[in-house]
>>> print(open('data15.pdb').read())   # PDB, C-alpha atoms (C1' of nucleotides)
MODEL        1
ATOM      1  CA  MET A   1      10.417  46.163 -41.264
ATOM      2  CA  ARG A   2       7.096  45.364 -39.666
ATOM      3  CA  LYS A   3       6.614  45.431 -35.914
ATOM      4  CA  ILE A   4       5.887  42.064 -34.293
ATOM      5  CA  SER A   5       3.379  41.748 -31.455
ATOM      6  CA  PRO A   6       4.435  39.025 -28.989
ATOM      7  CA  TRP A   7       0.805  38.427 -28.209
ATOM      8  CA  ALA A   8      -0.089  37.874 -31.855
ATOM      9  CA  LEU A   9       2.804  35.453 -32.199
ATOM     10  CA  TRP A  10       1.782  33.633 -29.085
ATOM     11  CA  THR A  11      -1.824  33.123 -30.162
ATOM     12  CA  LEU A  12      -0.800  31.908 -33.579
ATOM     13  CA  ASN A  13       1.559  29.427 -32.008
ATOM     14  CA  PHE A  14      -1.045  28.360 -29.503
ATOM     15  CA  GLN A  15      -3.479  27.748 -32.331
ATOM     16  CA  VAL A  16      -0.980  25.628 -34.198
ATOM     17  CA  MET A  17      -0.236  23.629 -31.075
ATOM     18  CA  THR A  18      -3.839  23.006 -30.068
ATOM     19  CA  SER A  19      -5.083  22.044 -33.490
ATOM     20  CA  LEU A  20      -2.108  19.727 -33.807
ATOM     21  CA  LEU A  21      -2.844  18.208 -30.418
ATOM     22  CA  ALA A  22      -6.462  17.699 -31.418
ATOM     23  CA  GLY A  23      -5.240  15.604 -34.312
ATOM     24  CA  VAL A  24      -2.714  13.638 -32.307
ATOM     25  CA  ALA A  25      -4.630  12.946 -29.081
ATOM     26  CA  PRO A  26      -7.095  10.356 -30.445
ATOM     27  CA  ARG A  27      -4.306   8.413 -32.073
ATOM     28  CA  LEU A  28      -2.320   8.426 -28.844
ATOM     29  CA  ARG A  29      -5.350   7.158 -27.002
ATOM     30  CA  ALA A  30      -5.120   4.011 -29.099
ATOM     31  CA  LEU A  31      -1.760   3.451 -27.397
ATOM     32  CA  ARG A  32      -3.475   4.114 -24.059
ATOM     33  CA  LEU A  33      -1.477   7.315 -23.645
ATOM     34  CA  GLU A  34      -2.478  10.863 -22.856
ATOM     35  CA  VAL A  35      -0.245  13.528 -24.330
ATOM     36  CA  LYS A  36       1.254  14.373 -20.956
ATOM     37  CA  GLU A  37       1.860  10.735 -20.210
ATOM     38  CA  PHE A  38       3.691  10.352 -23.449
ATOM     39  CA  LEU A  39       5.853  13.335 -22.603
ATOM     40  CA  LEU A  40       6.574  11.768 -19.262
ATOM     41  CA  LEU A  41       7.708   8.536 -20.881
ATOM     42  CA  SER A  42       9.832  10.429 -23.355
ATOM     43  CA  LYS A  43      11.699  12.224 -20.569
ATOM     44  CA  LEU A  44      12.091   9.205 -18.399
ATOM     45  CA  ASP A  45      15.571   8.173 -19.491
ATOM     46  CA  GLU A  46      16.855  11.638 -18.836
ATOM     47  CA  HIS A  47      14.887  12.266 -15.614
ATOM     48  CA  PRO A  48      14.330   8.953 -13.862
ATOM     49  CA  TYR A  49      12.820  10.238 -10.584
ATOM     50  CA  PRO A  50       9.303  11.594 -10.076
ATOM     51  CA  ALA A  51      10.312  14.874  -8.473
ATOM     52  CA  ASP A  52      12.811  15.357 -11.243
ATOM     53  CA  LEU A  53      10.126  14.696 -13.855
ATOM     54  CA  ALA A  54       7.758  17.113 -12.181
ATOM     55  CA  ARG A  55      10.327  19.873 -12.569
ATOM     56  CA  ALA A  56      11.226  18.916 -16.128
ATOM     57  CA  LEU A  57       7.603  18.804 -17.220
ATOM     58  CA  VAL A  58       6.547  21.887 -15.231
ATOM     59  CA  THR A  59       3.794  19.759 -13.707
ATOM     60  CA  PRO A  60       2.622  19.428 -10.093
ATOM     61  CA  LYS A  61       4.000  16.514  -8.135
ATOM     62  CA  PRO A  62       0.633  14.849  -7.495
ATOM     63  CA  SER A  63      -0.047  14.803 -11.205
ATOM     64  CA  VAL A  64       3.217  13.009 -11.745
ATOM     65  CA  THR A  65       2.317  10.532  -9.025
ATOM     66  CA  PHE A  66      -0.942   9.749 -10.829
ATOM     67  CA  MET A  67       0.581   9.454 -14.243
ATOM     68  CA  VAL A  68       3.298   7.199 -12.909
ATOM     69  CA  LYS A  69       0.648   5.025 -11.299
ATOM     70  CA  ARG A  70      -1.211   4.664 -14.564
ATOM     71  CA  MET A  71       1.930   3.998 -16.534
ATOM     72  CA  GLU A  72       2.940   1.385 -14.000
ATOM     73  CA  ALA A  73      -0.485  -0.262 -14.168
ATOM     74  CA  LEU A  74      -0.081  -0.498 -17.942
ATOM     75  CA  ARG A  75       3.374  -1.998 -17.357
ATOM     76  CA  TYR A  76       4.963   0.780 -19.329
ATOM     77  CA  LEU A  77       7.404   1.474 -16.518
ATOM     78  CA  ARG A  78       8.864  -0.067 -13.389
ATOM     79  CA  ARG A  79       9.395   1.589 -10.038
ATOM     80  CA  GLU A  80      12.315   0.499  -7.887
ATOM     81  CA  LEU A  81      13.204   1.816  -4.495
ATOM     82  CA  GLN A  82      16.600   3.469  -4.577
ATOM     83  CA  PRO A  83      18.672   1.620  -1.925
ATOM     84  CA  ASP A  84      20.882   4.559  -1.043
ATOM     85  CA  ASP A  85      17.991   7.002  -0.638
ATOM     86  CA  LEU A  86      14.847   5.401   0.657
ATOM     87  CA  ARG A  87      12.667   8.370  -0.221
ATOM     88  CA  ARG A  88      13.250   7.944  -3.927
ATOM     89  CA  PHE A  89      11.941   5.637  -6.605
ATOM     90  CA  ARG A  90      13.920   5.110  -9.759
ATOM     91  CA  LEU A  91      11.682   4.711 -12.776
ATOM     92  CA  THR A  92      12.642   2.710 -15.836
ATOM     93  CA  LEU A  93      10.829   2.109 -19.097
ATOM     94  CA  THR A  94       9.831  -1.456 -19.842
ATOM     95  CA  PRO A  95      10.249  -2.681 -23.424
ATOM     96  CA  ALA A  96       6.479  -2.256 -23.872
ATOM     97  CA  GLY A  97       6.724   1.281 -22.555
ATOM     98  CA  ARG A  98       9.589   2.140 -24.842
ATOM     99  CA  SER A  99       7.793   0.767 -27.824
ATOM    100  CA  ALA A 100       4.586   2.685 -27.006
ATOM    101  CA  MET A 101       6.666   5.811 -26.554
ATOM    102  CA  GLU A 102       8.360   5.339 -29.887
ATOM    103  CA  SER A 103       5.079   4.740 -31.687
ATOM    104  CA  ALA A 104       3.750   7.903 -30.119
ATOM    105  CA  ARG A 105       6.772   9.773 -31.312
ATOM    106  CA  GLU A 106       6.153   8.564 -34.828
ATOM    107  CA  ILE A 107       2.604   9.853 -34.640
ATOM    108  CA  PHE A 108       3.918  13.275 -33.709
ATOM    109  CA  ASP A 109       6.551  13.111 -36.409
ATOM    110  CA  GLU A 110       3.963  12.337 -38.997
ATOM    111  CA  GLU A 111       1.281  14.759 -37.865
ATOM    112  CA  PHE A 112       3.646  17.674 -37.305
ATOM    113  CA  GLY A 113       5.752  16.701 -40.302
ATOM    114  CA  ARG A 114       2.725  17.195 -42.513
ATOM    115  CA  ARG A 115       2.436  20.778 -41.312
ATOM    116  CA  LEU A 116       6.134  21.415 -41.541
ATOM    117  CA  SER A 117       6.159  20.353 -45.149
ATOM    118  CA  ARG A 118       4.538  23.695 -45.915
ATOM    119  CA  LEU A 119       7.863  25.313 -45.070
ATOM    120  CA  THR A 120      11.076  25.388 -47.015
ATOM    121  CA  GLN A 121      13.975  23.351 -45.671
ATOM    122  CA  ALA A 122      15.737  26.618 -44.822
ATOM    123  CA  GLN A 123      12.724  27.721 -42.813
ATOM    124  CA  ARG A 124      12.655  24.468 -40.882
ATOM    125  CA  VAL A 125      16.296  24.862 -39.963
ATOM    126  CA  GLU A 126      15.733  28.458 -38.955
ATOM    127  CA  LEU A 127      12.740  27.457 -36.845
ATOM    128  CA  MET A 128      14.847  24.919 -34.988
ATOM    129  CA  ARG A 129      17.522  27.520 -34.373
ATOM    130  CA  ILE A 130      14.888  29.964 -33.091
ATOM    131  CA  PHE A 131      13.310  27.509 -30.673
ATOM    132  CA  GLU A 132      16.695  26.530 -29.323
ATOM    133  CA  ARG A 133      17.306  30.179 -28.627
ATOM    134  CA  LEU A 134      13.920  30.642 -26.953
ATOM    135  CA  ALA A 135      13.973  27.493 -24.834
TER     136      ALA A 135
ATOM    137  CA  MET B   1      21.851  21.156 -44.417
ATOM    138  CA  ARG B   2      20.894  19.374 -41.246
ATOM    139  CA  LYS B   3      17.814  17.172 -41.062
ATOM    140  CA  ILE B   4      15.045  18.463 -38.787
ATOM    141  CA  SER B   5      13.047  16.100 -36.602
ATOM    142  CA  PRO B   6       9.449  17.305 -36.266
ATOM    143  CA  TRP B   7       9.306  15.681 -32.887
ATOM    144  CA  ALA B   8      12.357  17.527 -31.634
ATOM    145  CA  LEU B   9      10.885  20.786 -32.875
ATOM    146  CA  TRP B  10       7.594  20.037 -31.253
ATOM    147  CA  THR B  11       9.043  19.313 -27.815
ATOM    148  CA  LEU B  12      11.195  22.402 -27.879
ATOM    149  CA  ASN B  13       8.175  24.480 -28.734
ATOM    150  CA  PHE B  14       6.085  22.775 -26.105
ATOM    151  CA  GLN B  15       8.754  23.532 -23.542
ATOM    152  CA  VAL B  16       8.818  27.175 -24.485
ATOM    153  CA  MET B  17       5.047  27.366 -24.276
ATOM    154  CA  THR B  18       4.664  25.612 -20.930
ATOM    155  CA  SER B  19       7.425  27.451 -19.154
ATOM    156  CA  LEU B  20       5.979  30.666 -20.507
ATOM    157  CA  LEU B  21       2.532  29.715 -19.266
ATOM    158  CA  ALA B  22       3.957  28.900 -15.863
ATOM    159  CA  GLY B  23       5.233  32.455 -15.674
ATOM    160  CA  VAL B  24       2.035  34.030 -16.906
ATOM    161  CA  ALA B  25      -0.622  32.014 -15.075
ATOM    162  CA  PRO B  26      -0.095  33.401 -11.562
ATOM    163  CA  ARG B  27      -0.173  36.946 -12.850
ATOM    164  CA  LEU B  28      -3.411  36.249 -14.707
ATOM    165  CA  ARG B  29      -4.918  34.802 -11.573
ATOM    166  CA  ALA B  30      -4.568  38.234  -9.999
ATOM    167  CA  LEU B  31      -7.024  39.394 -12.669
ATOM    168  CA  ARG B  32      -9.236  36.444 -11.731
ATOM    169  CA  LEU B  33      -8.594  34.835 -15.121
ATOM    170  CA  GLU B  34      -7.451  31.397 -16.148
ATOM    171  CA  VAL B  35      -5.481  31.237 -19.363
ATOM    172  CA  LYS B  36      -8.356  29.652 -21.253
ATOM    173  CA  GLU B  37     -10.760  32.212 -19.922
ATOM    174  CA  PHE B  38      -8.531  34.968 -21.116
ATOM    175  CA  LEU B  39      -8.401  33.394 -24.556
ATOM    176  CA  LEU B  40     -12.159  33.211 -24.524
ATOM    177  CA  LEU B  41     -12.474  36.912 -23.736
ATOM    178  CA  SER B  42      -9.934  37.767 -26.389
ATOM    179  CA  LYS B  43     -11.938  35.975 -29.065
ATOM    180  CA  LEU B  44     -15.276  37.266 -27.952
ATOM    181  CA  ASP B  45     -15.578  40.218 -30.315
ATOM    182  CA  GLU B  46     -14.846  37.973 -33.246
ATOM    183  CA  HIS B  47     -16.922  34.974 -32.065
ATOM    184  CA  PRO B  48     -19.806  36.254 -29.959
ATOM    185  CA  TYR B  49     -21.727  32.980 -29.516
ATOM    186  CA  PRO B  50     -20.778  30.076 -27.246
ATOM    187  CA  ALA B  51     -20.924  27.366 -29.910
ATOM    188  CA  ASP B  52     -18.862  29.592 -32.132
ATOM    189  CA  LEU B  53     -16.306  30.097 -29.380
ATOM    190  CA  ALA B  54     -16.143  26.384 -28.706
ATOM    191  CA  ARG B  55     -15.127  25.806 -32.313
ATOM    192  CA  ALA B  56     -12.674  28.688 -32.378
ATOM    193  CA  LEU B  57     -10.984  27.583 -29.160
ATOM    194  CA  VAL B  58     -11.085  23.853 -29.978
ATOM    195  CA  THR B  59     -12.772  23.347 -26.608
ATOM    196  CA  PRO B  60     -15.801  21.237 -25.645
ATOM    197  CA  LYS B  61     -19.123  22.995 -25.374
ATOM    198  CA  PRO B  62     -19.658  22.247 -21.666
ATOM    199  CA  SER B  63     -16.333  23.862 -20.846
ATOM    200  CA  VAL B  64     -17.381  26.976 -22.697
ATOM    201  CA  THR B  65     -20.676  27.026 -20.815
ATOM    202  CA  PHE B  66     -18.759  26.826 -17.586
ATOM    203  CA  MET B  67     -16.255  29.538 -18.470
ATOM    204  CA  VAL B  68     -19.003  31.831 -19.686
ATOM    205  CA  LYS B  69     -20.798  31.376 -16.384
ATOM    206  CA  ARG B  70     -17.734  32.405 -14.421
ATOM    207  CA  MET B  71     -17.016  35.340 -16.674
ATOM    208  CA  GLU B  72     -20.615  36.463 -16.323
ATOM    209  CA  ALA B  73     -20.442  36.120 -12.536
ATOM    210  CA  LEU B  74     -17.357  38.354 -12.552
ATOM    211  CA  ARG B  75     -19.312  40.784 -14.743
ATOM    212  CA  TYR B  76     -16.689  40.491 -17.451
ATOM    213  CA  LEU B  77     -19.352  39.747 -20.045
ATOM    214  CA  ARG B  78     -23.061  40.006 -20.666
ATOM    215  CA  ARG B  79     -25.344  37.393 -22.166
ATOM    216  CA  GLU B  80     -28.321  38.508 -24.199
ATOM    217  CA  LEU B  81     -30.892  36.309 -25.842
ATOM    218  CA  GLN B  82     -30.785  36.757 -29.596
ATOM    219  CA  PRO B  83     -34.363  37.769 -30.531
ATOM    220  CA  ASP B  84     -34.276  36.251 -34.013
ATOM    221  CA  ASP B  85     -32.886  32.894 -32.852
ATOM    222  CA  LEU B  86     -34.098  31.889 -29.438
ATOM    223  CA  ARG B  87     -31.512  29.147 -29.043
ATOM    224  CA  ARG B  88     -28.636  31.573 -29.092
ATOM    225  CA  PHE B  89     -27.094  33.961 -26.609
ATOM    226  CA  ARG B  90     -25.008  36.829 -27.848
ATOM    227  CA  LEU B  91     -22.076  37.570 -25.579
ATOM    228  CA  THR B  92     -20.545  40.991 -25.185
ATOM    229  CA  LEU B  93     -17.596  42.179 -23.143
ATOM    230  CA  THR B  94     -18.322  44.681 -20.413
ATOM    231  CA  PRO B  95     -15.866  47.558 -19.939
ATOM    232  CA  ALA B  96     -14.450  45.686 -16.936
ATOM    233  CA  GLY B  97     -14.054  42.572 -19.050
ATOM    234  CA  ARG B  98     -12.329  44.436 -21.811
ATOM    235  CA  SER B  99      -9.967  46.075 -19.419
ATOM    236  CA  ALA B 100      -9.099  42.752 -17.727
ATOM    237  CA  MET B 101      -8.523  41.220 -21.141
ATOM    238  CA  GLU B 102      -6.240  44.036 -22.169
ATOM    239  CA  SER B 103      -4.239  43.816 -18.965
ATOM    240  CA  ALA B 104      -3.878  40.110 -19.556
ATOM    241  CA  ARG B 105      -2.657  40.750 -23.054
ATOM    242  CA  GLU B 106      -0.042  43.119 -21.707
ATOM    243  CA  ILE B 107       1.175  40.414 -19.352
ATOM    244  CA  PHE B 108       1.636  38.074 -22.306
ATOM    245  CA  ASP B 109       3.300  40.776 -24.336
ATOM    246  CA  GLU B 110       5.755  41.438 -21.589
ATOM    247  CA  GLU B 111       6.498  37.855 -20.626
ATOM    248  CA  PHE B 112       6.825  36.572 -24.181
ATOM    249  CA  GLY B 113       8.475  39.783 -25.318
ATOM    250  CA  ARG B 114      11.284  39.158 -22.881
ATOM    251  CA  ARG B 115      11.976  35.818 -24.561
ATOM    252  CA  LEU B 116      11.616  37.196 -28.032
ATOM    253  CA  SER B 117      14.205  39.826 -27.322
ATOM    254  CA  ARG B 118      16.784  37.053 -27.622
ATOM    255  CA  LEU B 119      16.056  36.988 -31.350
ATOM    256  CA  THR B 120      17.024  39.412 -34.035
ATOM    257  CA  GLN B 121      14.270  41.537 -35.530
ATOM    258  CA  ALA B 122      14.660  39.558 -38.757
ATOM    259  CA  GLN B 123      14.125  36.335 -36.851
ATOM    260  CA  ARG B 124      10.982  37.660 -35.207
ATOM    261  CA  VAL B 125       9.559  38.598 -38.562
ATOM    262  CA  GLU B 126      10.490  35.222 -39.987
ATOM    263  CA  LEU B 127       8.882  33.483 -37.026
ATOM    264  CA  MET B 128       5.643  35.357 -37.615
ATOM    265  CA  ARG B 129       5.713  34.396 -41.267
ATOM    266  CA  ILE B 130       6.342  30.754 -40.362
ATOM    267  CA  PHE B 131       3.484  30.566 -37.873
ATOM    268  CA  GLU B 132       1.116  32.155 -40.348
ATOM    269  CA  ARG B 133       2.072  29.452 -42.789
ATOM    270  CA  LEU B 134       1.599  26.686 -40.220
ATOM    271  CA  ALA B 135      -1.692  27.914 -38.768
TER     272      ALA B 135
ATOM    273  C1'  DT C   1      23.907  12.512  19.454
ATOM    274  C1'  DA C   2      19.933  15.782  18.982
ATOM    275  C1'  DC C   3      17.336  18.845  16.595
ATOM    276  C1'  DA C   4      15.916  21.849  12.826
ATOM    277  C1'  DT C   5      15.473  21.951   8.043
ATOM    278  C1'  DC C   6      15.060  20.137   3.543
ATOM    279  C1'  DT C   7      13.525  16.904  -0.051
ATOM    280  C1'  DA C   8      10.787  12.809  -2.147
ATOM    281  C1'  DG C   9       6.600  11.200  -2.733
ATOM    282  C1'  DT C  10       1.637  10.384  -1.335
ATOM    283  C1'  DT C  11      -3.025  11.461   0.373
ATOM    284  C1'  DT C  12      -6.880  14.341   0.870
ATOM    285  C1'  DA C  13     -10.358  17.130  -0.696
ATOM    286  C1'  DA C  14     -12.087  20.629  -3.510
ATOM    287  C1'  DT C  15     -12.328  21.946  -8.194
ATOM    288  C1'  DC C  16     -12.257  21.335 -13.035
ATOM    289  C1'  DT C  17     -13.107  18.780 -17.363
ATOM    290  C1'  DG C  18     -15.523  16.830 -21.081
ATOM    291  C1'  DG C  19     -18.300  12.804 -23.240
ATOM    292  C1'  DA C  20     -23.035  11.581 -23.486
ATOM    293  C1'  DA C  21     -27.555  12.517 -23.141
ATOM    294  C1'  DC C  22     -30.781  16.037 -23.095
ATOM    295  C1'  DC C  23     -34.300  20.006 -24.325
ATOM    296  C1'  DA C  24     -35.592  23.893 -27.207
ATOM    297  C1'  DT C  25     -35.519  26.059 -31.391
ATOM    298  C1'  DT C  26     -34.573  26.416 -36.217
ATOM    299  C1'  DT C  27     -33.905  24.630 -40.838
ATOM    300  C1'  DG C  28     -34.681  21.689 -44.754
ATOM    301  C1'  DC C  29     -37.723  19.037 -47.369
ATOM    302  C1'  DC C  30     -41.884  17.017 -48.983
TER     303       DC C  30
ATOM    304  C1'  DG D   1     -48.289  23.167 -43.051
ATOM    305  C1'  DG D   2     -45.917  19.084 -40.929
ATOM    306  C1'  DC D   3     -42.178  16.283 -39.691
ATOM    307  C1'  DA D   4     -37.242  14.718 -39.684
ATOM    308  C1'  DA D   5     -32.754  16.392 -39.042
ATOM    309  C1'  DA D   6     -29.524  19.834 -37.507
ATOM    310  C1'  DT D   7     -27.930  23.317 -34.257
ATOM    311  C1'  DG D   8     -27.372  26.018 -29.764
ATOM    312  C1'  DG D   9     -26.801  25.475 -25.216
ATOM    313  C1'  DT D  10     -27.209  23.089 -20.695
ATOM    314  C1'  DT D  11     -27.079  19.282 -17.340
ATOM    315  C1'  DC D  12     -25.256  15.097 -15.516
ATOM    316  C1'  DC D  13     -21.722  12.569 -13.881
ATOM    317  C1'  DA D  14     -17.481   9.926 -13.978
ATOM    318  C1'  DG D  15     -12.918  10.814 -14.106
ATOM    319  C1'  DA D  16      -8.861  13.985 -14.066
ATOM    320  C1'  DT D  17      -6.344  17.664 -11.860
ATOM    321  C1'  DT D  18      -3.958  19.979  -8.204
ATOM    322  C1'  DA D  19      -3.173  23.039  -3.896
ATOM    323  C1'  DA D  20      -2.413  22.012   0.725
ATOM    324  C1'  DA D  21      -1.238  19.108   4.165
ATOM    325  C1'  DC D  22       1.156  15.180   5.395
ATOM    326  C1'  DT D  23       4.717  11.116   6.196
ATOM    327  C1'  DA D  24       9.210   9.402   5.813
ATOM    328  C1'  DG D  25      13.791   9.735   5.064
ATOM    329  C1'  DA D  26      18.126  12.681   4.361
ATOM    330  C1'  DT D  27      21.159  16.420   5.498
ATOM    331  C1'  DG D  28      23.320  20.097   8.080
ATOM    332  C1'  DT D  29      24.749  22.040  12.422
ATOM    333  C1'  DA D  30      26.254  22.188  16.921
TER     334       DA D  30
ENDMDL
END
>>> encode(input="data15.pdb", output="C-alpha cells")
Amino acid sequence: MRKISPWALWTLNFQVMTSLLAGVAPRLRALRLEVKEFLLLSKLDEHPYPADLARALVTPKPSVTFMVKRMEALRYLRRELQPDDLRRFRLTLTPAGRSAMESAREIFDEEFGRRLSRLTQAQRVELMRIFERLA
Amino acid sequence: MRKISPWALWTLNFQVMTSLLAGVAPRLRALRLEVKEFLLLSKLDEHPYPADLARALVTPKPSVTFMVKRMEALRYLRRELQPDDLRRFRLTLTPAGRSAMESAREIFDEEFGRRLSRLTQAQRVELMRIFERLA
DNA sequence: TACATCTAGTTTAATCTGGAACCATTTGCC
DNA sequence: GGCAAATGGTTCCAGATTAAACTAGATGTA
C-alpha cells in the first residue's frame, strides 16, 4: 500500500481546481458574474444576511459588502432592512439573479462534468463520499 | 447507484480547499509567504523561468514578476541573466528560500493531513488515483 | 434606567491584481 | 544578411481586495 503525501494530494487538487476555474471564469463573465459572486448567489437562500454569508464563504466582510453592492446594481438581488433588527439587511434573489445563478451552475456542471467523465461511476460516488467526510 | 451532481462535488471540494487555506494562510505569513508565493517557490526547481512559472501556475505574467520581486527582496531566490538568451532570467532558490518552502510544505502536510486522517488508507490511495486522473 | 459589550454592516486607506501596451531579444523565413 | 513574427519580461494603471477603524443598533447586567 503506497504512502500518500497530503501535500502532493493538495497540489494535484489545486491544479485541477485552478485549471477548471480558468475554463469557467470567462463563461461566467458573460453572465456578469465573478466566481465568488456566483458562489455568493448560490448560498443566498441558505444564508440570507451578509455577515452570515461572510462566514459561510470564508470571506472578509468588506468583500461581501462589495459583492452585494455589485449584485444589487445588476438587480440580481434585493436588500431589505429587517424590521426587528435594524442592523441587518435580508438579501433575496430576484428572478434575474436566480436565473443567472442557475445558468452559472450549468456551466460548472458541464465543465466539471467533462472532467468527471474520465472516472467510473463508482469512483464518482466514492469521491462524493470522500468530500462529504472531509468537509 | 446514486446520481452525482458535478456542481455539488465542486462546491464541497471548494469548501474543503478554502477552509483549509484559511487555516494555513496565517501560519505561512509567519514565514513571510503568501500561498501563491509558496506555490511559486515549490515549482521553481521544475520551472526556473518566470514565463514558464506563469504557465505552470496559471497566473498572469505581471503577477509573477511581482511575486519574484518580493521573493528576491526576501532573499528567497536569485535571478541570473541567462547568457545564451538575454531576454531570460534563470531563477534559483537560495538555501533560505528552500528552507522556507520546506517549512511551508510541512504546514500543508500537517493541516491537510489532519483532515485526511478521517479517511481510510484505501480511500486516501483512491483519492490520489482520482486526482491523477482528473489533473 | 444606565452602561459595557457584542454584532451587523460600511468606510477608509493601503495593498494587490491583471489586462494592455511596451521594449529587448530571439527565431523563422526569404 | 534582413525583416516580420514570436517570446521573455516589465511597466502602467484601473479596478479589486481587505485589515483596521468606525457607526449604529442589540443584548446583557445590575
>>> resolve_selection(input="data15.pdb", expression="the PyMOL selection byres ((chain C) within 7 of (chain B))", output="list in words")
DT17, DG18, DA24 and DT25 of chain C
>>> atom_distance(input="data15.pdb", atom1="atom CA of Trp10 of chain B", atom2="atom CA of Phe89 of chain A")
28.9 Å
>>> residues_around(input="data15.pdb", residues="DC30 of chain C", least_positions_apart="4", cutoff="12 Å", atoms="only C-alpha atoms (C1' of nucleotides)", output="mmCIF file with C-alpha atoms (C1' of nucleotides), keeping the file's coordinate frame")
data_model
loop_
_atom_site.group_PDB
_atom_site.id
_atom_site.type_symbol
_atom_site.label_atom_id
_atom_site.label_comp_id
_atom_site.auth_asym_id
_atom_site.auth_seq_id
_atom_site.Cartn_x
_atom_site.Cartn_y
_atom_site.Cartn_z
ATOM 1 C "C1'" DG D 1 -48.289 23.167 -43.051
ATOM 2 C "C1'" DG D 2 -45.917 19.084 -40.929
ATOM 3 C "C1'" DC D 3 -42.178 16.283 -39.691
ATOM 4 C "C1'" DA D 4 -37.242 14.718 -39.684
#
>>> resolve_selection(input="data15.pdb", expression="the PyMOL selection byres ((chain D) within 7 of (chain A))", output="list in words")
DT17, DT18 and DG25 of chain D
>>> closest_residue(input="data15.pdb", among="A:Arg55, A:Arg75, A:Arg133, A:Arg70", to="chain B", atoms="all atoms listed in the file")
A:Arg133
>>> resolve_selection(input="data15.pdb", expression="the PyMOL selection byres ((chain A) within 9 of (chain B))", output="VMD selection string")
chain A and resid 1 to 19 22 39 57 to 58 105 to 106 108 to 113 115 to 116 118 to 119 121 to 128 130 to 135
>>> residues_around(input="data15.pdb", residues="Glu34 of chain A", least_positions_apart="2", cutoff="12 Å", atoms="all atoms listed in the file", output="list in words")
Leu21, Ala22, Val24, Ala25, Pro26, Arg27, Leu28, Arg29, Ala30, Leu31, Arg32, Lys36, Glu37, Phe38, Leu39, Leu40, Leu41, Met67, Arg70, Met71, Ala100, Met101 and Ala104 of chain A; DA16 of chain D
>>> closest_residue(input="data15.pdb", among="A:Ala54, A:Pro95, A:Pro48, A:Lys43", to="Arg79 of chain A", atoms="all atoms listed in the file")
A:Pro48
>>> atom_distance(input="data15.pdb", atom1="atom C1' of DG28 of chain D", atom2="atom C1' of DA2 of chain C")
12.2 Å
>>> closest_residue(input="data15.pdb", among="D:DA20, D:DA5, D:DA30, D:DC12", to="DA4 of chain C", atoms="all atoms listed in the file")
D:DA30
>>> atom_distance(input="data15.pdb", atom1="atom CA of Val64 of chain B", atom2="atom C1' of DA6 of chain D")
20.4 Å
>>> closest_residue(input="data15.pdb", among="A:Leu53, A:Glu72, A:Thr94, A:Glu102", to="DA8 of chain C", atoms="only C-alpha atoms (C1' of nucleotides)")
A:Leu53
>>> residues_around(input="data15.pdb", residues="DT5 of chain C", least_positions_apart="3", cutoff="12 Å", atoms="all atoms listed in the file", output="list in words")
DA26, DT27, DG28 and DT29 of chain D
>>> residues_around(input="data15.pdb", residues="DA21 of chain D", least_positions_apart="4", cutoff="12 Å", atoms="all atoms listed in the file", output="PyMOL selection string")
chain C and resi 10-13
>>> axis_aligned_box(input="data15.pdb", around="segment 10-27 of chain C", padding_each_side="6 Å", output="AutoDock Vina command-line options")
--center_x -17.0 --center_y 18.4 --center_z -20.0 --size_x 49.2 --size_y 28.0 --size_z 53.7
